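Q: Contents of model26.csv (CSV, C-alpha atoms and all ligand atoms) are below:
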chain,number,residue,atom,x,y,z
N,2,MET,CA,161.2,158.5,78.5
N,3,ASP,CA,160.9,157.1,81.9
N,4,THR,CA,157.8,155.1,80.9
N,5,LEU,CA,159.9,153.2,78.3
N,6,VAL,CA,162.3,151.9,81.0
N,7,LYS,CA,161.4,148.7,82.8
N,8,PRO,CA,162.2,148.7,86.5
N,9,ALA,CA,165.5,147.1,87.4
N,10,ASP,CA,165.1,143.5,88.6
N,11,ASP,CA,164.9,143.4,92.3
N,12,LYS,CA,166.1,140.4,94.2
N,13,LYS,CA,163.5,137.6,94.5
N,14,VAL,CA,163.1,134.4,96.5
N,15,ILE,CA,162.9,131.7,93.8
N,16,LEU,CA,161.9,128.1,94.4
N,17,ILE,CA,163.0,125.7,91.7
N,18,THR,CA,161.8,122.2,91.8
N,19,GLY,CA,164.1,119.5,90.4
N,20,ALA,CA,167.2,121.7,90.6
N,21,SER,CA,169.9,119.1,91.6
N,22,ARG,CA,170.7,118.4,87.9
N,23,GLY,CA,170.1,119.4,84.3
N,24,ILE,CA,168.1,122.6,83.4
N,25,GLY,CA,167.1,123.3,87.0
N,26,ALA,CA,170.6,123.1,88.4
N,27,PHE,CA,172.0,125.4,85.7
N,28,THR,CA,169.1,127.9,86.1
N,29,ALA,CA,169.6,128.0,89.9
N,30,ALA,CA,173.3,128.9,89.4
N,31,LEU,CA,172.5,131.6,86.8
N,32,LEU,CA,169.7,133.2,88.9
N,33,ALA,CA,171.8,133.1,92.1
N,34,GLN,CA,174.6,135.0,90.3
N,35,GLN,CA,172.0,137.8,89.7
N,36,GLY,CA,171.4,138.1,93.4
N,37,HIS,CA,168.2,136.1,93.7
N,38,LYS,CA,167.8,133.7,96.7
N,39,ILE,CA,167.3,130.2,95.5
N,40,VAL,CA,165.6,127.2,97.1
N,41,ILE,CA,166.8,124.1,95.3
N,42,ASN,CA,164.4,121.2,95.5
N,43,TYR,CA,165.3,117.6,94.6
N,44,ALA,CA,163.9,114.1,95.2
N,45,ASN,CA,166.8,111.7,95.6
N,46,ASN,CA,170.2,113.0,94.8
N,47,ASP,CA,171.5,114.6,98.0
N,48,ALA,CA,175.1,114.9,96.7
N,49,GLU,CA,174.1,116.7,93.5
N,50,ALA,CA,171.8,119.1,95.3
N,51,THR,CA,174.5,119.9,97.9
N,52,ARG,CA,177.0,120.4,95.0
N,53,VAL,CA,174.7,123.0,93.4
N,54,VAL,CA,174.4,124.9,96.7
N,55,THR,CA,178.1,124.8,97.4
N,56,GLN,CA,178.8,126.1,93.9
N,57,ILE,CA,176.4,129.0,94.3
N,58,GLU,CA,177.8,129.9,97.7
N,59,ALA,CA,181.4,129.8,96.4
N,60,LEU,CA,180.4,132.6,94.0
N,61,GLY,CA,178.8,134.6,96.8
N,62,GLY,CA,175.2,133.6,96.1
N,63,VAL,CA,172.5,132.6,98.5
N,64,ALA,CA,170.9,129.1,98.1
N,65,SER,CA,169.8,126.1,100.2
N,66,CYS,CA,168.3,122.8,99.2
N,67,PHE,CA,165.3,120.9,100.4
N,68,LYS,CA,164.5,117.3,99.6
N,69,ALA,CA,160.8,116.8,98.7
N,70,ASP,CA,159.0,114.5,96.3
N,71,VAL,CA,156.7,116.7,94.3
N,72,SER,CA,154.4,113.8,93.7
N,73,LYS,CA,153.4,113.9,97.4
N,74,SER,CA,151.3,116.8,98.4
N,75,GLN,CA,152.6,116.9,102.0
N,76,ASP,CA,156.2,117.1,100.7
N,77,VAL,CA,155.2,120.1,98.5
N,78,SER,CA,153.5,121.8,101.4
N,79,ALA,CA,156.7,121.2,103.5
N,80,LEU,CA,158.8,122.6,100.7
N,81,PHE,CA,156.9,125.9,100.7
N,82,ASP,CA,157.0,126.0,104.5
N,83,TYR,CA,160.8,125.6,104.4
N,84,ALA,CA,161.2,128.4,101.8
N,85,ILE,CA,159.0,130.8,103.7
N,86,GLN,CA,160.7,130.0,107.0
N,87,SER,CA,164.1,130.4,105.5
N,88,TYR,CA,163.6,133.5,103.4
N,89,GLY,CA,160.3,135.0,104.6
N,90,LYS,CA,158.4,134.5,101.3
N,91,VAL,CA,158.3,132.9,97.9
N,92,ASP,CA,158.1,135.3,94.9
N,93,ILE,CA,158.7,132.9,92.0
N,94,LEU,CA,158.0,129.2,91.4
N,95,ILE,CA,159.9,127.5,88.6
N,96,ASN,CA,158.1,124.2,88.2
N,97,ASN,CA,160.8,122.2,86.7
N,98,ALA,CA,160.9,118.7,88.3
N,99,GLY,CA,160.1,116.1,85.8
N,100,VAL,CA,160.7,112.6,84.5
N,101,MET,CA,160.7,111.1,81.0
N,102,CYS,CA,159.6,107.8,79.7
N,103,PHE,CA,160.3,106.7,76.1
N,104,LYS,CA,158.0,103.8,75.4
N,105,LYS,CA,155.2,103.1,72.9
N,106,ILE,CA,151.8,103.2,74.4
N,107,GLU,CA,151.2,99.4,73.9
N,108,ALA,CA,154.4,98.8,76.0
N,109,LEU,CA,153.5,101.0,78.9
N,110,ASP,CA,153.1,99.2,82.2
N,111,ASP,CA,150.8,100.6,84.9
N,112,GLU,CA,153.6,101.5,87.2
N,113,THR,CA,155.3,103.7,84.5
N,114,ILE,CA,152.0,105.4,83.7
N,115,GLU,CA,151.4,106.1,87.4
N,116,ARG,CA,155.0,107.4,88.0
N,117,VAL,CA,155.1,109.8,85.0
N,118,LEU,CA,151.6,111.2,85.8
N,119,ALA,CA,152.4,111.4,89.6
N,120,ILE,CA,155.6,113.4,89.1
N,121,ASN,CA,154.9,115.4,86.0
N,122,LEU,CA,151.2,116.1,86.3
N,123,LYS,CA,150.2,115.7,89.9
N,124,GLY,CA,153.6,117.1,91.1
N,125,SER,CA,153.0,120.3,89.0
N,126,LEU,CA,149.4,120.6,90.1
N,127,TYR,CA,150.5,120.3,93.8
N,128,THR,CA,153.2,123.0,93.4
N,129,MET,CA,150.9,125.3,91.4
N,130,ARG,CA,148.2,124.9,94.0
N,131,GLU,CA,150.6,125.8,96.8
N,132,ALA,CA,152.0,128.7,94.8
N,133,ALA,CA,148.5,130.0,94.1
N,134,LYS,CA,147.9,130.1,97.8
N,135,ARG,CA,151.3,131.3,99.0
N,136,LEU,CA,153.1,133.4,96.3
N,137,GLU,CA,153.6,137.1,96.9
N,138,HIS,CA,151.6,139.6,94.9
N,139,GLY,CA,153.6,140.4,91.8
N,140,GLY,CA,154.9,136.8,91.7
N,141,LYS,CA,155.5,134.5,88.8
N,142,ILE,CA,154.9,130.8,88.1
N,143,ILE,CA,157.0,129.3,85.4
N,144,ASN,CA,156.1,125.8,84.3
N,145,LEU,CA,158.3,123.5,82.3
N,146,SER,CA,156.4,121.9,79.4
N,147,SER,CA,157.9,120.4,76.3
N,148,SER,CA,157.9,121.0,72.6
N,149,VAL,CA,157.1,117.4,72.0
N,150,ILE,CA,153.5,118.4,72.4
N,151,GLY,CA,153.7,119.9,68.9
N,152,MET,CA,155.8,117.1,67.5
N,153,LYS,CA,153.5,114.1,68.3
N,154,LEU,CA,156.5,111.8,68.4
N,155,GLU,CA,156.1,108.0,68.7
N,156,GLY,CA,157.3,106.7,72.0
N,157,TYR,CA,156.6,110.0,73.8
N,158,GLY,CA,152.9,109.3,74.5
N,159,ILE,CA,152.7,109.3,78.3
N,160,TYR,CA,155.3,112.1,78.7
N,161,THR,CA,153.6,114.3,76.1
N,162,ALA,CA,150.2,113.8,77.7
N,163,SER,CA,151.6,114.8,81.1
N,164,LYS,CA,153.1,118.0,79.6
N,165,ALA,CA,150.0,118.8,77.6
N,166,ALA,CA,148.1,118.8,80.9
N,167,ILE,CA,150.6,121.3,82.3
N,168,GLU,CA,150.0,123.7,79.4
N,169,SER,CA,146.2,123.5,80.1
N,170,LEU,CA,146.8,124.2,83.8
N,171,THR,CA,149.1,127.1,83.0
N,172,ALA,CA,146.4,128.9,81.0
N,173,ILE,CA,143.6,128.2,83.5
N,174,LEU,CA,145.6,129.1,86.6
N,175,ALA,CA,146.6,132.4,85.0
N,176,LYS,CA,142.9,133.3,84.8
N,177,GLU,CA,142.1,132.1,88.3
N,178,LEU,CA,144.8,134.4,89.7
N,179,ARG,CA,143.1,137.5,88.3
N,180,GLY,CA,143.6,140.4,90.7
N,181,LYS,CA,146.7,139.0,92.3
N,182,ASN,CA,149.2,140.3,89.8
N,183,ILE,CA,150.8,136.9,89.4
N,184,THR,CA,151.6,135.6,86.0
N,185,VAL,CA,151.6,132.0,84.9
N,186,ASN,CA,153.5,130.8,81.9
N,187,ALA,CA,155.1,127.7,80.5
N,188,ILE,CA,158.4,127.2,78.7
N,189,ALA,CA,158.5,124.3,76.3
N,190,PRO,CA,162.1,123.2,75.4
N,191,GLY,CA,162.8,121.0,72.5
N,192,PRO,CA,165.4,118.1,72.9
N,193,THR,CA,168.0,119.4,75.4
N,194,ALA,CA,171.2,117.7,76.3
N,195,THR,CA,170.5,116.4,79.8
N,196,GLU,CA,170.2,113.0,81.4
N,197,LEU,CA,166.5,113.1,80.9
N,198,PHE,CA,166.9,113.4,77.2
N,199,PHE,CA,169.7,110.7,76.7
N,200,GLU,CA,168.2,108.1,79.0
N,201,GLY,CA,166.7,105.1,77.3
N,202,LYS,CA,167.4,106.2,73.7
N,203,SER,CA,169.5,104.5,71.1
N,204,ASP,CA,172.5,106.3,69.6
N,205,GLU,CA,170.6,106.4,66.3
N,206,LEU,CA,167.6,108.1,67.8
N,207,ILE,CA,169.8,110.6,69.6
N,208,ALA,CA,171.6,111.4,66.4
N,209,GLN,CA,168.3,111.8,64.5
N,210,LEU,CA,166.7,114.1,67.2
N,211,SER,CA,170.0,116.1,67.4
N,212,LYS,CA,169.6,117.1,63.7
N,213,ALA,CA,165.9,117.5,63.7
N,214,ALA,CA,165.8,121.3,64.4
N,215,PRO,CA,166.8,123.6,61.5
N,216,LEU,CA,169.6,124.7,63.7
N,217,GLU,CA,170.9,121.1,63.7
N,218,ARG,CA,171.9,120.7,67.3
N,219,LEU,CA,170.4,119.8,70.6
N,220,GLY,CA,169.4,122.5,73.0
N,221,THR,CA,171.7,123.2,76.0
N,222,VAL,CA,170.9,124.0,79.6
N,223,GLU,CA,172.3,127.4,78.8
N,224,ASP,CA,169.7,127.9,76.0
N,225,ILE,CA,166.8,127.0,78.3
N,226,ALA,CA,168.1,128.9,81.4
N,227,ALA,CA,168.3,132.0,79.3
N,228,VAL,CA,164.6,131.8,78.5
N,229,ILE,CA,163.8,131.1,82.1
N,230,GLN,CA,165.9,134.1,83.1
N,231,PHE,CA,163.8,136.3,80.8
N,232,ALA,CA,160.6,134.8,82.3
N,233,VAL,CA,161.8,135.6,85.8
N,234,SER,CA,162.7,139.2,84.9
N,235,HIS,CA,160.5,142.3,84.7
N,236,GLN,CA,161.0,142.2,80.9
N,237,SER,CA,158.4,139.5,80.8
N,238,ASP,CA,155.8,141.2,83.0
N,239,TRP,CA,153.2,141.5,80.3
N,240,ILE,CA,153.4,137.9,79.2
N,241,ASN,CA,150.8,135.8,80.9
N,242,ALA,CA,149.0,132.5,80.2
N,243,GLN,CA,151.5,131.7,77.4
N,244,VAL,CA,153.7,128.9,76.2
N,245,ILE,CA,157.2,129.9,75.1
N,246,ARG,CA,158.7,127.3,72.8
N,247,ALA,CA,162.5,127.2,72.9
N,248,ASN,CA,163.6,124.5,70.5
N,249,GLY,CA,165.8,125.8,67.6
N,250,GLY,CA,162.7,125.7,65.3
N,251,ILE,CA,162.0,121.9,65.6
N,252,VAL,CA,158.2,122.6,65.6
T,1,LIG,P1,167.0,116.0,84.5
T,1,LIG,O1,168.4,116.4,84.2
T,1,LIG,O2,166.7,114.5,84.5
T,1,LIG,O3,166.7,116.5,86.0
T,1,LIG,C1,165.5,116.2,86.6
T,1,LIG,C2,165.4,116.9,88.0
T,1,LIG,O4,164.1,116.6,88.5
T,1,LIG,C3,166.4,116.4,89.0
T,1,LIG,O5,166.8,117.5,89.8
T,1,LIG,C4,165.6,115.4,89.8
T,1,LIG,O6,166.0,115.3,91.2
T,1,LIG,C5,164.2,116.1,89.8
T,1,LIG,N1,163.1,115.2,90.1
T,1,LIG,C6,162.8,114.0,89.5
T,1,LIG,N2,161.7,113.5,90.2
T,1,LIG,C7,161.4,114.4,91.2
T,1,LIG,C8,160.4,114.4,92.2
T,1,LIG,N3,159.5,113.4,92.3
T,1,LIG,N4,160.3,115.4,93.0
T,1,LIG,C9,161.2,116.4,93.0
T,1,LIG,N5,162.2,116.5,92.0
T,1,LIG,C10,162.3,115.4,91.2
T,1,LIG,O7,165.9,116.7,83.7
T,1,LIG,P2,166.0,118.0,82.7
T,1,LIG,O8,166.2,117.6,81.4
T,1,LIG,O9,166.8,119.1,83.4
T,1,LIG,O10,164.4,118.4,82.8
T,1,LIG,C11,163.9,119.5,83.5
T,1,LIG,C12,162.5,119.8,83.0
T,1,LIG,O11,162.5,120.2,81.7
T,1,LIG,C13,161.6,118.6,83.1
T,1,LIG,O12,160.3,119.0,83.5
T,1,LIG,C14,161.5,118.1,81.7
T,1,LIG,O13,160.3,117.4,81.4
T,1,LIG,C15,161.6,119.4,80.9
T,1,LIG,N6,162.1,119.2,79.6
T,1,LIG,C16,163.3,118.7,79.3
T,1,LIG,C17,163.7,118.4,78.0
T,1,LIG,C18,165.0,117.8,77.7
T,1,LIG,O14,165.2,117.4,76.5
T,1,LIG,N7,165.9,117.6,78.6
T,1,LIG,C19,162.9,118.9,76.9
T,1,LIG,C20,161.7,119.5,77.2
T,1,LIG,C21,161.3,119.7,78.6
T,1,LIG,P3,167.1,114.1,91.7
T,1,LIG,O15,168.4,114.5,91.2
T,1,LIG,O16,167.0,114.1,93.1
T,1,LIG,O17,166.6,112.8,91.0
Kindly present the structure from the file in structure tokens form.
A:
Amino acid sequence: MDTLVKPADDKKVILITGASRGIGAFTAALLAQQGHKIVINYANNDAEATRVVTQIEALGGVASCFKADVSKSQDVSALFDYAIQSYGKVDILINNAGVMCFKKIEALDDETIERVLAINLKGSLYTMREAAKRLEHGGKIINLSSSVIGMKLEGYGIYTASKAAIESLTAILAKELRGKNITVNAIAPGPTATELFFEGKSDELIAQLSKAAPLERLGTVEDIAAVIQFAVSHQSDWINAQVIRANGGIV
């Protein structure tokens, strides 16, 4: 009987990129409530990052925030230094920082292409590289992809391309970490009600995408954080090199 029981979840040090708002902020609060120590990364929004830390501490949790632009490799290195100096180690990386751009390919300017690729692709690569070197044995890397990869939506070209690259890196890094007992997976939400989703879209498009899944609603930060919580837990220990789509059946 004992062999059927998964070990209880011990307390981990979890670094979440882009955790000042949206999915990352809600996930930080949820995981802190379970006793994990959380490093909240963000790029610009000092007030929001501090608010997440204050909220966690008010409920008896442990968290601190560190400003670092994931598109800069020296910032990512400093972010891991900070986490290890503060808590002694990093067990889990939730690679969540990201930006969206809704523009047809013919309308994309160079600056937008560079920005989306720098944050979503290079940023994820820098954090995965650092995690590959510095995560504890038994650790987990959880990358945020997107279900738009399966949908092939007009206007989502550069964003989809950046996320497709993350799914490729997920599978390859999982293999490269053979022998370290570190899993690498991606979670691919569908349209989820955060600033990232609403920004730059017409009311008509928002209404259309809100009804696109058979469940006929947008995802919520609660929906996605619940899947991330599973990926953090021992219940997911045998899942490796996979993409988990959480999208209400949209694709
Ligand atoms: P969000 O509400 O817009 O929050 C984005 C977060 O990323 C913020 O904390 C922001 O920090 C941070 N960030 C942006 N650029 C950064 C950089 N260069 N370095 C470090 N942090 C940076 O976004 P979200 O909807 O929660 O999205 C979270 C993840 O889920 C993203 O990877 C996104 O692609 C993915 N996703 C979202 C959806 C959706 O519909 N919402 C669907 C599929 C996948 P500041 O506050 O400091 O700017």
Q: So that I can check the surroundings of Gly62 of chain N, please list as a ChimeraX atom specification every protein, DNA and RNA residue that reaches within 8 Å of it, counting all atoms listed in the file and ignoring chain neighbours fewer than 2 positions away.
A: /N:33-34,36-38,57-60,64
Q: For Ile39 of chain N, which residue among N:Asp76, N:Glu205, N:Glu196, N:Asp92 is the nearest when counting all atoms listed in the file?
A: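 Counting all atoms listed in the file, the residue closest to Ile39 of chain N is N:Asp92.
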Q: What's the 8 Å shell around Gln243 of chain N, counting all atoms listed in the file, without same-chain residues fewer than 5 positions away, as a PyMOL selection string?
A: chain N and resi 171-172+185-187
Q: Using all atoms listed in the file, determine which residues fall within 8 Å of ligand LIG 1 (chain T), then list them as a VMD selection string.
A: chain N and resid 18 to 26 42 to 47 49 to 50 68 to 73 96 to 101 119 to 121 124 145 to 149 160 164 189 to 198 220 222
Q: For Gly139 of chain N, which residue out of N:Thr113, N:Lys181, N:Leu219, N:Val14 is the nearest one, using only C-alpha atoms?
A: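 Residue with the minimum atom-to-atom distance to Gly139 of chain N: N:Lys181.
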Q: Work out how far apart atom CA of Ser163 of chain N and atom CA of Ser65 of chain N are and give it in Å to one decimal.
A: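 A separation of 28.7 Å between them.
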Q: Pick the closest to Ile114 of chain N from N:Ala227, N:Ile159, N:Arg179, N:Ile93: which is it, counting all atoms listed in the file?
A: N:Ile159
Q: To one decimal in Å, tell me the separation between atom CA of Met152 of chain N and atom CA of Val252 of chain N.
A: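 Between atom CA of Met152 of chain N and atom CA of Val252 of chain N the gap works out to 6.3 Å.
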Q: Please list, as JSON, numbers by chain, the residues that have an atom at most 12 Å away from (148.7, 120.5, 91.4) in the coordinates of this file, counting only C-alpha atoms.
A: {"N": [71, 72, 73, 74, 75, 77, 78, 96, 118, 119, 120, 121, 122, 123, 124, 125, 126, 127, 128, 129, 130, 131, 132, 133, 134, 144, 166, 167, 169, 170, 171, 174]}
Q: Given the selection you just returned, output its residues as a file containing C-alpha atoms, formatted as a PDB file, in the coordinates of the input.
A:
ATOM      1  CA  VAL N  71     156.700 116.700  94.300  1.00  0.00           C
ATOM      2  CA  SER N  72     154.400 113.800  93.700  1.00  0.00           C
ATOM      3  CA  LYS N  73     153.400 113.900  97.400  1.00  0.00           C
ATOM      4  CA  SER N  74     151.300 116.800  98.400  1.00  0.00           C
ATOM      5  CA  GLN N  75     152.600 116.900 102.000  1.00  0.00           C
ATOM      6  CA  VAL N  77     155.200 120.100  98.500  1.00  0.00           C
ATOM      7  CA  SER N  78     153.500 121.800 101.400  1.00  0.00           C
ATOM      8  CA  ASN N  96     158.100 124.200  88.200  1.00  0.00           C
ATOM      9  CA  LEU N 118     151.600 111.200  85.800  1.00  0.00           C
ATOM     10  CA  ALA N 119     152.400 111.400  89.600  1.00  0.00           C
ATOM     11  CA  ILE N 120     155.600 113.400  89.100  1.00  0.00           C
ATOM     12  CA  ASN N 121     154.900 115.400  86.000  1.00  0.00           C
ATOM     13  CA  LEU N 122     151.200 116.100  86.300  1.00  0.00           C
ATOM     14  CA  LYS N 123     150.200 115.700  89.900  1.00  0.00           C
ATOM     15  CA  GLY N 124     153.600 117.100  91.100  1.00  0.00           C
ATOM     16  CA  SER N 125     153.000 120.300  89.000  1.00  0.00           C
ATOM     17  CA  LEU N 126     149.400 120.600  90.100  1.00  0.00           C
ATOM     18  CA  TYR N 127     150.500 120.300  93.800  1.00  0.00           C
ATOM     19  CA  THR N 128     153.200 123.000  93.400  1.00  0.00           C
ATOM     20  CA  MET N 129     150.900 125.300  91.400  1.00  0.00           C
ATOM     21  CA  ARG N 130     148.200 124.900  94.000  1.00  0.00           C
ATOM     22  CA  GLU N 131     150.600 125.800  96.800  1.00  0.00           C
ATOM     23  CA  ALA N 132     152.000 128.700  94.800  1.00  0.00           C
ATOM     24  CA  ALA N 133     148.500 130.000  94.100  1.00  0.00           C
ATOM     25  CA  LYS N 134     147.900 130.100  97.800  1.00  0.00           C
ATOM     26  CA  ASN N 144     156.100 125.800  84.300  1.00  0.00           C
ATOM     27  CA  ALA N 166     148.100 118.800  80.900  1.00  0.00           C
ATOM     28  CA  ILE N 167     150.600 121.300  82.300  1.00  0.00           C
ATOM     29  CA  SER N 169     146.200 123.500  80.100  1.00  0.00           C
ATOM     30  CA  LEU N 170     146.800 124.200  83.800  1.00  0.00           C
ATOM     31  CA  THR N 171     149.100 127.100  83.000  1.00  0.00           C
ATOM     32  CA  LEU N 174     145.600 129.100  86.600  1.00  0.00           C
TER      33      LEU N 174
END
Q: Between N:Phe103, N:Val54, N:Val40, N:Ile17, single out the one closest to Gln86 of chain N, counting all atoms listed in the file.
A: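 With all atoms listed in the file as the atom set, the closest residue is N:Val40.
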Q: Closest to Arg246 of chain N among N:Ala162, N:Leu136, N:Ile150, N:Ile173, using only C-alpha atoms?
A: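 Answer, going by the shortest atom-to-atom distance: N:Ile150.
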Q: One number please: atom CA of Ala213 of chain N to atom CA of Lys153 of chain N, in Å, one decimal.
A: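 Atom CA of Lys153 of chain N lies at a distance of 13.7 Å from atom CA of Ala213 of chain N.
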Q: Tell me which of N:Lys90, N:Lys141, N:Arg135, N:Arg52 sits closest to Phe231 of chain N, counting all atoms listed in the file.
A: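 Going through N:Lys90, N:Lys141, N:Arg135, N:Arg52 one by one, the smallest distance to Phe231 of chain N is for N:Lys141.
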